[in-house]
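Participant: protein_8.cif is the file, holding mmCIF, C-alpha atoms and all ligand atoms:
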data_data
loop_
_atom_site.label_atom_id
_atom_site.label_comp_id
_atom_site.auth_asym_id
_atom_site.auth_seq_id
_atom_site.Cartn_x
_atom_site.Cartn_y
_atom_site.Cartn_z
CA MET A 131 0.00 0.00 0.00
CA SER A 132 1.53 3.32 -1.03
CA LYS A 133 2.40 6.15 1.30
CA LEU A 134 -0.49 8.32 2.48
CA ALA A 135 -0.99 11.49 0.44
CA ILE A 136 -0.98 13.55 3.65
CA PHE A 137 2.70 12.51 3.97
CA GLY A 138 3.51 13.26 0.32
CA GLY A 139 2.48 9.97 -1.31
CA PRO A 140 0.35 9.77 -4.45
CA ALA A 141 -3.36 10.47 -3.92
CA ALA A 142 -5.66 7.44 -4.20
CA VAL A 143 -8.17 9.46 -6.20
CA THR A 144 -6.99 10.55 -9.63
CA ILE A 145 -10.37 11.43 -11.12
CA PRO A 146 -11.22 15.06 -10.26
CA ALA A 147 -14.52 15.71 -8.48
CA PRO A 148 -17.07 17.09 -10.95
CA ASP A 149 -17.51 20.88 -10.79
CA TRP A 150 -20.49 22.31 -8.98
CA PRO A 151 -22.77 24.00 -9.94
CA ILE A 152 -23.22 22.67 -13.45
CA VAL A 153 -24.11 25.26 -16.09
CA GLU A 154 -25.21 24.13 -19.52
CA GLU A 155 -26.25 25.98 -22.63
CA SER A 156 -29.91 25.58 -21.59
CA GLU A 157 -29.44 27.73 -18.45
CA ILE A 158 -27.58 30.44 -20.36
CA LYS A 159 -30.30 30.53 -23.02
CA ALA A 160 -33.09 30.61 -20.42
CA VAL A 161 -31.44 33.44 -18.46
CA ASN A 162 -30.80 35.41 -21.64
CA GLU A 163 -34.45 35.03 -22.61
CA VAL A 164 -35.58 36.48 -19.29
CA LEU A 165 -33.01 39.28 -19.50
CA SER A 166 -34.02 40.32 -22.98
CA SER A 167 -37.76 40.04 -22.21
CA GLY A 168 -37.38 42.92 -19.74
CA LYS A 169 -39.75 41.07 -17.36
CA TRP A 170 -37.56 40.05 -14.47
CA ARG A 171 -40.40 39.33 -12.08
CA MET A 172 -43.89 37.86 -12.29
CA SER A 173 -43.92 37.00 -15.98
CA GLY A 174 -44.91 33.37 -15.40
CA LYS A 175 -41.57 31.53 -15.03
CA VAL A 176 -41.92 31.28 -11.26
CA ASN A 177 -45.46 29.90 -11.61
CA GLU A 178 -44.21 27.35 -14.13
CA PHE A 179 -41.37 26.24 -11.86
CA GLN A 180 -43.42 25.99 -8.68
CA GLU A 181 -46.05 23.86 -10.40
CA LEU A 182 -43.36 21.62 -11.88
CA PHE A 183 -41.59 21.16 -8.56
CA ALA A 184 -44.76 20.56 -6.52
CA LYS A 185 -45.78 17.87 -9.01
CA PHE A 186 -42.29 16.37 -8.95
CA GLN A 187 -42.73 15.84 -5.19
CA ASP A 188 -46.29 14.50 -5.68
CA THR A 189 -48.01 17.50 -4.09
CA ALA A 190 -50.70 19.81 -5.40
CA PHE A 191 -49.38 23.28 -4.56
CA GLY A 192 -46.02 25.05 -4.50
CA VAL A 193 -45.04 28.59 -3.51
CA ALA A 194 -41.50 29.39 -4.66
CA CYS A 195 -39.54 31.98 -2.71
CA SER A 196 -36.12 33.56 -2.24
CA ASN A 197 -34.47 30.82 -0.13
CA GLY A 198 -35.01 27.78 2.09
CA THR A 199 -34.86 29.83 5.30
CA VAL A 200 -37.85 31.98 4.42
CA ALA A 201 -39.63 28.94 2.96
CA LEU A 202 -39.71 27.58 6.53
CA GLU A 203 -41.06 30.90 7.82
CA MET A 204 -43.72 30.83 5.12
CA ALA A 205 -44.71 27.30 6.11
CA PHE A 206 -45.10 28.30 9.76
CA LYS A 207 -47.14 31.37 8.80
CA ALA A 208 -49.24 29.22 6.46
CA PHE A 209 -50.35 27.10 9.41
CA ASP A 210 -50.64 30.07 11.79
CA ILE A 211 -47.85 28.90 14.09
CA GLY A 212 -46.91 31.75 16.43
CA ALA A 213 -46.78 33.09 19.97
CA GLY A 214 -47.34 30.46 22.65
CA ASP A 215 -46.58 27.57 20.27
CA GLU A 216 -43.75 25.07 20.40
CA VAL A 217 -42.23 23.32 17.40
CA ILE A 218 -40.06 20.20 17.70
CA VAL A 219 -36.90 20.29 15.57
CA PRO A 220 -33.69 18.23 15.41
CA PRO A 221 -30.45 19.72 16.81
CA TYR A 222 -28.35 18.46 13.87
CA THR A 223 -29.27 20.75 10.97
CA PHE A 224 -28.59 24.17 9.53
CA ILE A 225 -29.45 26.88 12.06
CA ALA A 226 -32.45 28.08 10.01
CA THR A 227 -34.56 25.04 10.94
CA ALA A 228 -34.65 26.37 14.50
CA THR A 229 -34.35 30.13 13.94
CA ALA A 230 -37.27 30.12 11.49
CA VAL A 231 -39.39 28.86 14.40
CA LEU A 232 -38.25 31.88 16.43
CA ARG A 233 -38.95 34.19 13.47
CA ALA A 234 -42.53 32.88 13.64
CA ASN A 235 -42.46 33.88 17.34
CA ALA A 236 -42.71 30.24 18.46
CA VAL A 237 -40.31 28.22 20.62
CA PRO A 238 -38.10 25.46 19.17
CA ILE A 239 -37.78 22.28 21.23
CA PHE A 240 -34.92 19.95 20.33
CA ALA A 241 -35.35 16.20 19.82
CA ASP A 242 -32.34 13.88 19.77
CA LEU A 243 -31.15 11.92 16.73
CA GLU A 244 -31.44 8.22 16.07
CA PRO A 245 -28.34 6.46 17.41
CA ASP A 246 -27.23 5.27 13.97
CA SER A 247 -28.16 8.16 11.66
CA LEU A 248 -28.20 11.95 11.41
CA ASN A 249 -32.01 12.04 11.47
CA MET A 250 -34.43 12.91 14.24
CA ASP A 251 -35.36 9.95 16.48
CA ALA A 252 -39.11 9.47 16.15
CA ASP A 253 -39.08 7.48 19.39
CA SER A 254 -37.92 10.55 21.33
CA LEU A 255 -40.82 12.77 20.23
CA GLU A 256 -43.71 11.83 22.50
CA ALA A 257 -41.79 12.80 25.64
CA LEU A 258 -41.39 16.32 24.22
CA ILE A 259 -45.01 16.92 23.27
CA THR A 260 -46.95 19.31 25.50
CA GLU A 261 -50.25 21.15 25.08
CA ARG A 262 -48.20 23.93 23.43
CA THR A 263 -46.76 21.72 20.67
CA ARG A 264 -48.09 22.69 17.23
CA ALA A 265 -45.69 20.97 14.84
CA ILE A 266 -42.84 18.53 14.31
CA VAL A 267 -40.21 19.51 11.73
CA PRO A 268 -38.22 16.48 10.58
CA VAL A 269 -35.07 17.28 8.60
CA HIS A 270 -34.36 14.54 6.05
CA PHE A 271 -30.66 14.89 6.54
CA GLY A 272 -28.51 14.51 3.45
CA GLY A 273 -31.70 13.50 1.61
CA LEU A 274 -32.38 10.40 3.75
CA PRO A 275 -35.98 10.50 4.97
CA CYS A 276 -36.76 10.28 8.69
CA ASP A 277 -39.28 7.63 9.72
CA ILE A 278 -42.20 9.50 8.19
CA ASP A 279 -44.81 6.84 9.08
CA LYS A 280 -43.91 6.88 12.75
CA ILE A 281 -43.71 10.68 12.94
CA ASN A 282 -47.08 11.02 11.18
CA ALA A 283 -48.70 8.52 13.54
CA ILE A 284 -47.45 10.44 16.59
CA ALA A 285 -48.58 13.75 15.08
CA ARG A 286 -52.04 12.38 14.32
CA LYS A 287 -52.38 11.00 17.84
CA HIS A 288 -51.61 14.43 19.33
CA ASN A 289 -53.33 16.48 16.63
CA ILE A 290 -50.21 18.35 15.60
CA LEU A 291 -48.70 19.23 12.23
CA VAL A 292 -45.72 17.72 10.42
CA ILE A 293 -43.78 20.13 8.21
CA ASP A 294 -40.68 18.58 6.62
CA ASP A 295 -37.53 20.64 6.30
CA ALA A 296 -36.63 18.89 3.06
CA ALA A 297 -33.84 21.32 2.19
CA HIS A 298 -31.68 18.29 1.19
CA ALA A 299 -34.37 16.03 -0.25
CA TRP A 300 -35.32 17.05 -3.80
CA GLY A 301 -36.68 13.87 -5.39
CA THR A 302 -36.41 11.76 -2.24
CA LYS A 303 -39.23 9.22 -2.10
CA TRP A 304 -40.70 7.40 0.88
CA ASN A 305 -42.86 4.41 -0.08
CA GLY A 306 -42.75 5.55 -3.70
CA GLN A 307 -44.06 9.08 -3.03
CA GLY A 308 -42.12 12.34 -2.88
CA VAL A 309 -41.36 13.80 0.55
CA GLY A 310 -43.81 16.54 1.40
CA SER A 311 -46.73 14.52 0.03
CA HIS A 312 -47.17 12.41 3.22
CA THR A 313 -47.19 15.32 5.65
CA ASP A 314 -48.78 18.76 5.99
CA GLY A 315 -46.13 20.31 3.79
CA ALA A 316 -42.40 20.62 3.14
CA THR A 317 -39.79 23.23 2.37
CA PHE A 318 -36.73 22.99 0.11
CA SER A 319 -33.61 25.06 -0.54
CA PHE A 320 -32.01 25.79 -3.92
CA GLN A 321 -28.90 27.48 -2.52
CA MET A 322 -25.66 27.04 -4.45
CA THR A 323 -24.35 23.89 -2.76
CA LYS A 324 -27.70 22.15 -3.23
CA ASN A 325 -28.38 19.40 -5.80
CA ILE A 326 -30.59 21.77 -7.80
CA THR A 327 -29.71 25.43 -7.54
CA ALA A 328 -30.17 28.99 -8.72
CA GLY A 329 -27.53 30.33 -6.30
CA GLU A 330 -30.39 31.07 -3.89
CA GLY A 331 -34.00 29.93 -3.88
CA GLY A 332 -36.61 27.99 -1.94
CA ILE A 333 -40.12 26.56 -2.08
CA PHE A 334 -42.96 25.53 0.21
CA ILE A 335 -45.09 22.64 -1.10
CA THR A 336 -48.31 21.23 0.32
CA ASN A 337 -51.54 19.42 -0.50
CA ASN A 338 -53.44 21.91 1.67
CA GLU A 339 -54.90 24.65 -0.53
CA GLU A 340 -55.68 27.00 2.33
CA ALA A 341 -52.10 26.78 3.62
CA ALA A 342 -50.72 27.30 0.10
CA ASN A 343 -52.87 30.42 -0.30
CA MET A 344 -51.75 31.78 3.06
CA ALA A 345 -48.07 31.15 2.21
CA TRP A 346 -48.63 32.84 -1.14
CA SER A 347 -50.20 35.90 0.55
CA TYR A 348 -47.47 36.10 3.16
CA HIS A 349 -44.65 35.99 0.61
CA HIS A 350 -46.44 38.38 -1.76
CA GLY A 351 -46.79 41.52 0.35
CA GLY A 352 -49.95 40.28 2.08
CA ARG A 353 -52.01 40.33 -1.13
CA SER A 354 -54.69 37.71 -1.76
CA LYS A 355 -54.95 35.69 -4.95
CA ASP A 356 -58.39 37.08 -5.77
CA GLY A 357 -57.73 40.65 -4.55
CA GLY A 358 -56.28 43.71 -6.21
CA TRP A 359 -52.61 44.77 -6.37
CA HIS A 360 -53.10 47.42 -3.69
CA GLU A 361 -55.23 45.29 -1.39
CA HIS A 362 -53.37 43.63 1.51
CA PRO A 363 -55.69 41.62 3.75
CA VAL A 364 -52.78 39.70 5.36
CA LEU A 365 -49.69 40.97 7.18
CA GLY A 366 -47.08 39.88 4.66
CA THR A 367 -43.64 40.53 3.32
CA ASN A 368 -41.79 40.11 0.03
CA TYR A 369 -40.09 36.73 -0.29
CA ARG A 370 -40.77 36.28 -4.01
CA MET A 371 -38.43 34.29 -6.22
CA THR A 372 -37.20 36.13 -9.33
CA GLU A 373 -37.90 34.99 -12.89
CA LEU A 374 -34.15 34.56 -13.39
CA GLN A 375 -33.98 32.07 -10.52
CA ALA A 376 -37.03 30.19 -11.81
CA ALA A 377 -35.63 30.03 -15.35
CA ILE A 378 -32.41 28.43 -14.07
CA LEU A 379 -34.23 26.01 -11.77
CA THR A 380 -36.62 24.87 -14.51
CA CYS A 381 -33.60 23.92 -16.64
CA GLN A 382 -32.02 22.07 -13.72
CA MET A 383 -35.20 20.03 -13.16
CA VAL A 384 -34.49 18.38 -16.51
CA ARG A 385 -31.27 16.89 -15.08
CA LEU A 386 -32.46 16.14 -11.55
CA ASP A 387 -33.83 12.63 -12.17
CA GLN A 388 -30.76 11.54 -14.09
CA HIS A 389 -28.42 13.06 -11.47
CA THR A 390 -30.31 11.40 -8.62
CA THR A 391 -29.99 8.01 -10.32
CA ARG A 392 -26.26 8.59 -10.82
CA ARG A 393 -25.80 9.54 -7.17
CA GLU A 394 -27.81 6.49 -6.04
CA THR A 395 -25.58 4.18 -8.12
CA ALA A 396 -22.30 5.69 -6.86
CA ALA A 397 -23.57 5.72 -3.26
CA ALA A 398 -24.50 2.03 -3.50
CA VAL A 399 -20.94 1.20 -4.65
CA LEU A 400 -19.47 3.20 -1.78
CA THR A 401 -21.77 1.66 0.85
CA GLN A 402 -21.07 -1.84 -0.36
CA ARG A 403 -17.30 -1.29 -0.08
CA LEU A 404 -17.26 0.76 3.14
CA GLU A 405 -19.57 -1.55 5.07
CA SER A 406 -16.76 -4.01 5.64
CA LEU A 407 -14.29 -1.43 7.03
CA PRO A 408 -14.13 -1.71 10.85
CA GLY A 409 -13.26 2.00 11.21
CA ILE A 410 -16.41 3.20 9.42
CA LYS A 411 -20.11 2.86 10.13
CA THR A 412 -22.37 3.51 7.16
CA ILE A 413 -25.87 4.85 7.74
CA PRO A 414 -28.61 2.22 7.39
CA ARG A 415 -31.31 2.71 4.81
CA ASP A 416 -34.91 1.76 5.52
CA LYS A 417 -36.66 -0.31 2.81
CA ARG A 418 -39.37 2.36 2.62
CA VAL A 419 -36.76 4.79 1.20
CA THR A 420 -37.49 4.20 -2.46
CA ARG A 421 -35.24 7.01 -3.66
CA ARG A 422 -32.67 9.11 -1.82
CA ALA A 423 -31.48 12.51 -3.03
CA TRP A 424 -27.96 12.21 -1.52
CA HIS A 425 -27.15 15.83 -0.75
CA MET A 426 -24.00 14.34 0.75
CA TYR A 427 -22.63 10.88 1.40
CA ASP A 428 -22.65 10.87 5.19
CA LEU A 429 -21.19 8.22 7.48
CA PHE A 430 -19.74 7.74 10.95
CA PHE A 431 -16.07 7.45 11.86
CA VAL A 432 -15.64 4.88 14.66
CA PRO A 433 -12.78 6.28 16.81
CA GLU A 434 -12.50 3.18 19.06
CA ASN A 435 -11.17 1.19 16.10
CA TRP A 436 -8.58 3.63 14.78
CA GLU A 437 -5.74 3.17 17.27
CA GLY A 438 -5.40 6.84 18.13
CA VAL A 439 -6.40 8.50 14.84
CA SER A 440 -8.94 11.27 15.45
CA ARG A 441 -11.93 11.97 13.20
CA ASN A 442 -10.43 15.33 12.19
CA ARG A 443 -7.09 13.75 11.34
CA PHE A 444 -8.92 11.16 9.25
CA VAL A 445 -10.85 13.93 7.42
CA ASP A 446 -7.55 15.71 6.66
CA ALA A 447 -6.05 12.46 5.35
CA LEU A 448 -9.12 11.77 3.19
CA ASN A 449 -9.01 15.29 1.71
CA ALA A 450 -5.32 14.77 0.94
CA GLU A 451 -6.23 11.55 -0.92
CA GLY A 452 -8.46 13.63 -3.22
CA VAL A 453 -11.84 13.16 -1.50
CA PRO A 454 -13.38 16.56 -0.63
CA CYS A 455 -15.04 16.04 2.76
CA SER A 456 -15.60 17.58 6.19
CA GLY A 457 -16.59 16.70 9.73
CA GLY A 458 -19.85 18.63 9.35
CA TYR A 459 -21.43 20.73 12.09
CA GLN A 460 -19.21 21.50 15.07
CA LEU A 461 -22.01 22.02 17.58
CA PRO A 462 -25.56 20.88 18.17
CA ILE A 463 -27.76 23.90 17.43
CA TYR A 464 -28.73 24.26 21.08
CA ARG A 465 -25.15 25.33 21.87
CA ASN A 466 -24.67 27.49 18.80
CA GLY A 467 -24.71 31.32 18.82
CA PHE A 468 -28.04 32.76 19.80
CA PHE A 469 -29.19 29.66 21.69
CA LYS A 470 -26.30 29.89 24.15
CA GLU A 471 -27.87 33.05 25.59
CA VAL A 472 -31.46 31.87 25.90
CA PRO A 473 -33.18 32.63 28.15
CA GLU A 474 -30.85 34.81 30.29
CA GLY A 475 -29.73 37.16 27.54
CA ARG A 476 -33.11 37.50 25.83
CA LYS A 477 -36.31 39.00 27.13
CA GLY A 478 -39.85 38.92 25.82
CA CYS A 479 -41.58 36.85 23.17
CA PRO A 480 -41.43 34.03 22.36
CA PHE A 481 -39.78 32.84 25.58
CA THR A 482 -41.42 35.08 28.16
CA CYS A 483 -44.76 35.78 26.67
CA PRO A 484 -48.34 36.32 27.85
CA TYR A 485 -49.38 33.50 25.50
CA ARG A 486 -46.94 31.07 27.05
CA ASP A 487 -47.09 29.64 30.54
CA GLY A 488 -44.17 27.81 32.10
CA PRO A 489 -40.46 28.53 32.01
CA ALA A 490 -38.37 29.12 28.88
CA PRO A 491 -36.16 26.23 27.76
CA VAL A 492 -32.56 26.59 28.92
CA TYR A 493 -30.91 25.40 25.73
CA HIS A 494 -27.29 25.50 26.85
CA GLU A 495 -28.07 23.01 29.62
CA LEU A 496 -29.28 20.44 27.10
CA TYR A 497 -27.18 17.37 26.41
CA LEU A 498 -28.74 15.03 23.87
CA PRO A 499 -26.36 12.05 23.73
CA ASN A 500 -26.89 10.90 20.15
CA VAL A 501 -26.33 14.31 18.58
CA GLU A 502 -23.31 14.97 20.83
CA ARG A 503 -21.84 11.68 19.59
CA ALA A 504 -22.75 12.39 15.97
CA ILE A 505 -20.99 15.78 16.09
CA LYS A 506 -17.74 13.99 16.97
CA ARG A 507 -18.12 11.14 14.48
CA ALA A 508 -19.85 12.37 11.33
CA VAL A 509 -18.05 12.66 8.01
CA TRP A 510 -19.69 14.35 5.03
CA LEU A 511 -18.55 13.66 1.47
CA HIS A 512 -19.66 16.36 -0.93
CA HIS A 513 -22.41 15.32 -3.35
CA PRO A 514 -20.71 16.26 -6.67
CA LEU A 515 -18.38 13.29 -5.97
CA LEU A 516 -21.36 11.01 -6.51
CA LEU A 517 -21.77 12.30 -10.05
CA GLY A 518 -18.33 11.00 -11.00
CA GLY A 519 -19.47 7.46 -11.83
CA GLU A 520 -18.60 4.05 -10.41
CA LYS A 521 -14.90 4.43 -11.19
CA LEU A 522 -14.64 7.51 -8.97
CA ALA A 523 -16.75 5.81 -6.28
CA ASN A 524 -14.31 2.89 -6.29
CA GLN A 525 -11.33 5.23 -6.05
CA ILE A 526 -12.97 6.94 -3.05
CA ALA A 527 -13.42 3.54 -1.40
CA ASP A 528 -9.74 2.78 -2.19
CA ALA A 529 -8.82 6.00 -0.36
CA PHE A 530 -10.74 4.89 2.76
CA GLU A 531 -9.07 1.47 2.66
CA LYS A 532 -5.63 3.02 2.16
CA ILE A 533 -6.04 5.26 5.21
CA TRP A 534 -7.39 2.37 7.26
CA GLU A 535 -4.41 0.18 6.36
CA ASN A 536 -1.98 3.00 7.22
CA ARG A 537 -3.75 4.06 10.44
CA LYS A 538 -0.72 3.38 12.66
CA GLU A 539 1.43 5.72 10.58
CA LEU A 540 -1.31 8.36 10.67
CA SER A 541 -1.70 8.19 14.45
CA SER A 542 2.01 8.40 15.21
CA ASN A 543 2.77 11.43 12.99
C1 LIG A 601 -31.57 21.60 6.58
C2 LIG A 601 -31.59 23.00 6.05
N1 LIG A 601 -32.67 23.76 6.30
C3 LIG A 601 -32.77 25.02 5.82
C4 LIG A 601 -31.77 25.58 5.07
C5 LIG A 601 -31.88 26.98 4.62
O1 LIG A 601 -31.83 27.12 3.24
P1 LIG A 601 -31.24 28.45 2.55
O2 LIG A 601 -29.76 28.41 2.69
O3 LIG A 601 -31.70 28.31 1.14
O4 LIG A 601 -31.85 29.61 3.24
C6 LIG A 601 -30.62 24.82 4.78
C7 LIG A 601 -29.55 25.40 3.95
O5 LIG A 601 -28.43 25.08 3.96
C8 LIG A 601 -30.54 23.51 5.29
O6 LIG A 601 -29.47 22.75 5.05
#
Would you mind writing the file's structure down as structure tokens?
Ligand SMILES: Cc1ncc(COP(=O)(O)O)c(C=O)c1O

Facilitator:
Amino acid sequence: MSKLAIFGGPAAVTIPAPDWPIVEESEIKAVNEVLSSGKWRMSGKVNEFQELFAKFQDTAFGVACSNGTVALEMAFKAFDIGAGDEVIVPPYTFIATATAVLRANAVPIFADLEPDSLNMDADSLEALITERTRAIVPVHFGGLPCDIDKINAIARKHNILVIDDAAHAWGTKWNGQGVGSHTDGATFSFQMTKNITAGEGGIFITNNEEAANMAWSYHHGGRSKDGGWHEHPVLGTNYRMTELQAAILTCQMVRLDQHTTRRETAAAVLTQRLESLPGIKTIPRDKRVTRRAWHMYDLFFVPENWEGVSRNRFVDALNAEGVPCSGGYQLPIYRNGFFKEVPEGRKGCPFTCPYRDGPAPVYHELYLPNVERAIKRAVWLHHPLLLGGEKLANQIADAFEKIWENRKELSSN
């Protein structure tokens, strides 16, 4: 086995990772058409895209918007979530999943992860439900769906909503149906690192027409679909997507199915090879996951088996071998930024609020064991790698094996 690349040896991966984002002639043509039309907003491209995307996820309605963060806010507004309400979210996600709850003036409550994945543990939810709970927000991390059936059953039992943060799950299917179609609604992000992107962008999808209309009003200055331009029956804002964004995204939809299949194939090769490595734990896939979007190839590093090599040292060695990767989030959200100061440093709604009885959650005192463990063990491989075909997937697996075989050298240097 050759010398590790981190010590100057040849890298195991010789095929470069595909560039991201991908721009083809179709996007350039579509953008030029919008530019030369002079109609850079509300000419119909956004409507076309939101219908296309909602249908793609097997839902009836879509409201496209400027990004995935405000898509979550729109979803909460659509279902009238606000002061006095609590919303259950996972602690392993982008900060917006939790801060969008606060922007709706509601209180996020953190549920732990499953022990063997980066998804919310459905079995931990019932203990967190109170009379204030209005919604559960599962994040389908890396495109892998949470246990939607179990979460829905709990929500139905307690008469609460399920709104998926599907920011990583474009095209993900659970039991053959797109995510967002089994629940009250879902939000997606089209930011630049995402598998379909316009640089920025987002959407809220739902089968609930009333909620779709409310989200539409909220994101459109508080107008109503059947009212006039200067009539504003709802307190709203402007979160509209531009025609330029929609034109790019409509082109990217053409490639999404094919890309998802390619990522599925490469991920299957990787899983099959990595499963036998004692230093790695791959993330199990439920049979009800009929398609996974693979926003990243995520796995766990098992430190006990590495004879002194740390996860971060492993990530450095893997990058040196030509596999762009990271250790992911450095903190559970409840210890990140704003949440460190709650409630001492913050006064007023939503924590101390006439609509809320009982004390505010003290986030920095939380210790949810599975997320704390995941923070130290997760490794994320960037999704463009999965577009490089089976040959690249095999080279990536070779890189893992090479580092594993040279672990003693890595730990002692
Ligand atoms: C899980 C999750 N939710 C929400 C968002 C917010 O999306 P955006 O960056 O488009 O605002 C992201 C973005 O990275 C995300 O990963």

Participant: Please produce, as a Markdown table, a per-residue contact table for range 176-251 of chain A versus range 457-470 of chain A (criterion: any atom at most 7 Å away, only C-alpha atoms considered), showing the nearest atom pair and its distance in Å to one decimal, sorted by chain then residue number.

Facilitator:
| residue | atom | partner | partner_atom | distance |
| --- | --- | --- | --- | --- |
| A:Pro221 | CA | A:Ile463 | CA | 5.0 |
| A:Tyr222 | CA | A:Pro462 | CA | 5.7 |
| A:Ile225 | CA | A:Ile463 | CA | 6.4 |

Participant: Please provide as a list in words all residues within 10 Å of Gln307 in chain A, with the sequence filter that same-chain residues fewer than 6 positions apart are discarded (counting all atoms listed in the file).

Facilitator: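 That gives Phe186, Gln187, Asp188, Thr189, Gly301, Arg418, Val419, Thr420 and Arg421 of chain A.
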
Participant: Between A:Pro220, A:Pro514, A:Pro454, A:Pro499, which has the minimum distance to ligand LIG 601 (chain A) (counting all atoms listed in the file)?

Facilitator: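 That would be A:Pro220, the residue with the smallest distance to ligand LIG 601 (chain A).
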
Participant: Would you list the residues that come within 9 Å of ligand LIG 601 (chain A)? Count all atoms listed in the file and give the answer as a ChimeraX atom specification.

Facilitator: /A:196-202,222-228,230,269-272,295-298,317-324,329-332

Participant: Take the residues just selected and output them with C-alpha atoms as a PDB file, in the coordinates of the input.

Facilitator:
ATOM      1  CA  SER A 196     -36.120  33.560  -2.240  1.00  0.00           C
ATOM      2  CA  ASN A 197     -34.470  30.820  -0.130  1.00  0.00           C
ATOM      3  CA  GLY A 198     -35.010  27.780   2.090  1.00  0.00           C
ATOM      4  CA  THR A 199     -34.860  29.830   5.300  1.00  0.00           C
ATOM      5  CA  VAL A 200     -37.850  31.980   4.420  1.00  0.00           C
ATOM      6  CA  ALA A 201     -39.630  28.940   2.960  1.00  0.00           C
ATOM      7  CA  LEU A 202     -39.710  27.580   6.530  1.00  0.00           C
ATOM      8  CA  TYR A 222     -28.350  18.460  13.870  1.00  0.00           C
ATOM      9  CA  THR A 223     -29.270  20.750  10.970  1.00  0.00           C
ATOM     10  CA  PHE A 224     -28.590  24.170   9.530  1.00  0.00           C
ATOM     11  CA  ILE A 225     -29.450  26.880  12.060  1.00  0.00           C
ATOM     12  CA  ALA A 226     -32.450  28.080  10.010  1.00  0.00           C
ATOM     13  CA  THR A 227     -34.560  25.040  10.940  1.00  0.00           C
ATOM     14  CA  ALA A 228     -34.650  26.370  14.500  1.00  0.00           C
ATOM     15  CA  ALA A 230     -37.270  30.120  11.490  1.00  0.00           C
ATOM     16  CA  VAL A 269     -35.070  17.280   8.600  1.00  0.00           C
ATOM     17  CA  HIS A 270     -34.360  14.540   6.050  1.00  0.00           C
ATOM     18  CA  PHE A 271     -30.660  14.890   6.540  1.00  0.00           C
ATOM     19  CA  GLY A 272     -28.510  14.510   3.450  1.00  0.00           C
ATOM     20  CA  ASP A 295     -37.530  20.640   6.300  1.00  0.00           C
ATOM     21  CA  ALA A 296     -36.630  18.890   3.060  1.00  0.00           C
ATOM     22  CA  ALA A 297     -33.840  21.320   2.190  1.00  0.00           C
ATOM     23  CA  HIS A 298     -31.680  18.290   1.190  1.00  0.00           C
ATOM     24  CA  THR A 317     -39.790  23.230   2.370  1.00  0.00           C
ATOM     25  CA  PHE A 318     -36.730  22.990   0.110  1.00  0.00           C
ATOM     26  CA  SER A 319     -33.610  25.060  -0.540  1.00  0.00           C
ATOM     27  CA  PHE A 320     -32.010  25.790  -3.920  1.00  0.00           C
ATOM     28  CA  GLN A 321     -28.900  27.480  -2.520  1.00  0.00           C
ATOM     29  CA  MET A 322     -25.660  27.040  -4.450  1.00  0.00           C
ATOM     30  CA  THR A 323     -24.350  23.890  -2.760  1.00  0.00           C
ATOM     31  CA  LYS A 324     -27.700  22.150  -3.230  1.00  0.00           C
ATOM     32  CA  GLY A 329     -27.530  30.330  -6.300  1.00  0.00           C
ATOM     33  CA  GLU A 330     -30.390  31.070  -3.890  1.00  0.00           C
ATOM     34  CA  GLY A 331     -34.000  29.930  -3.880  1.00  0.00           C
ATOM     35  CA  GLY A 332     -36.610  27.990  -1.940  1.00  0.00           C
TER      36      GLY A 332
END

Participant: Can you measure CA of Ala141 in chain A to CA of Ala447 in chain A for me? One decimal in Å is fine.

Facilitator: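 Value for the CA of Ala141 in chain A-CA of Ala447 in chain A distance: 9.9 Å.
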
Participant: Quick one: of A:Ile505, A:Ala328, A:Ala527, A:Cys455, who's nearest to Val161 in chain A, counting all atoms listed in the file?

Facilitator: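 That would be A:Ala328, the residue with the smallest distance to Val161 in chain A.
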
Participant: Counting only C-alpha atoms, what is within 9 Å of Ala147 in chain A, bar same-chain residues fewer than 5 positions away, as number ranges by chain?

Facilitator: A: 452-454, 514-518, 522

Participant: Which one is closest to Pro414 in chain A: A:Asp387, A:Glu244, A:Asp314, A:Glu531? Count all atoms listed in the file.

Facilitator: A:Glu244

Participant: Here is a test: counting only C-alpha atoms, which residue of A:Leu496, A:Met204, A:Ile413, A:Met172 is nearest to Met344 in chain A?

Facilitator: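 Closest candidate: A:Met204.
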
Participant: Using all atoms listed in the file, which residues sit within 10 Å of Asn289 in chain A once same-chain residues fewer than 6 positions away are excluded, as a list in words?

Facilitator: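 What passes the distance filter is Thr263, Arg264, Ala265, Asn282 and Ala283 of chain A.
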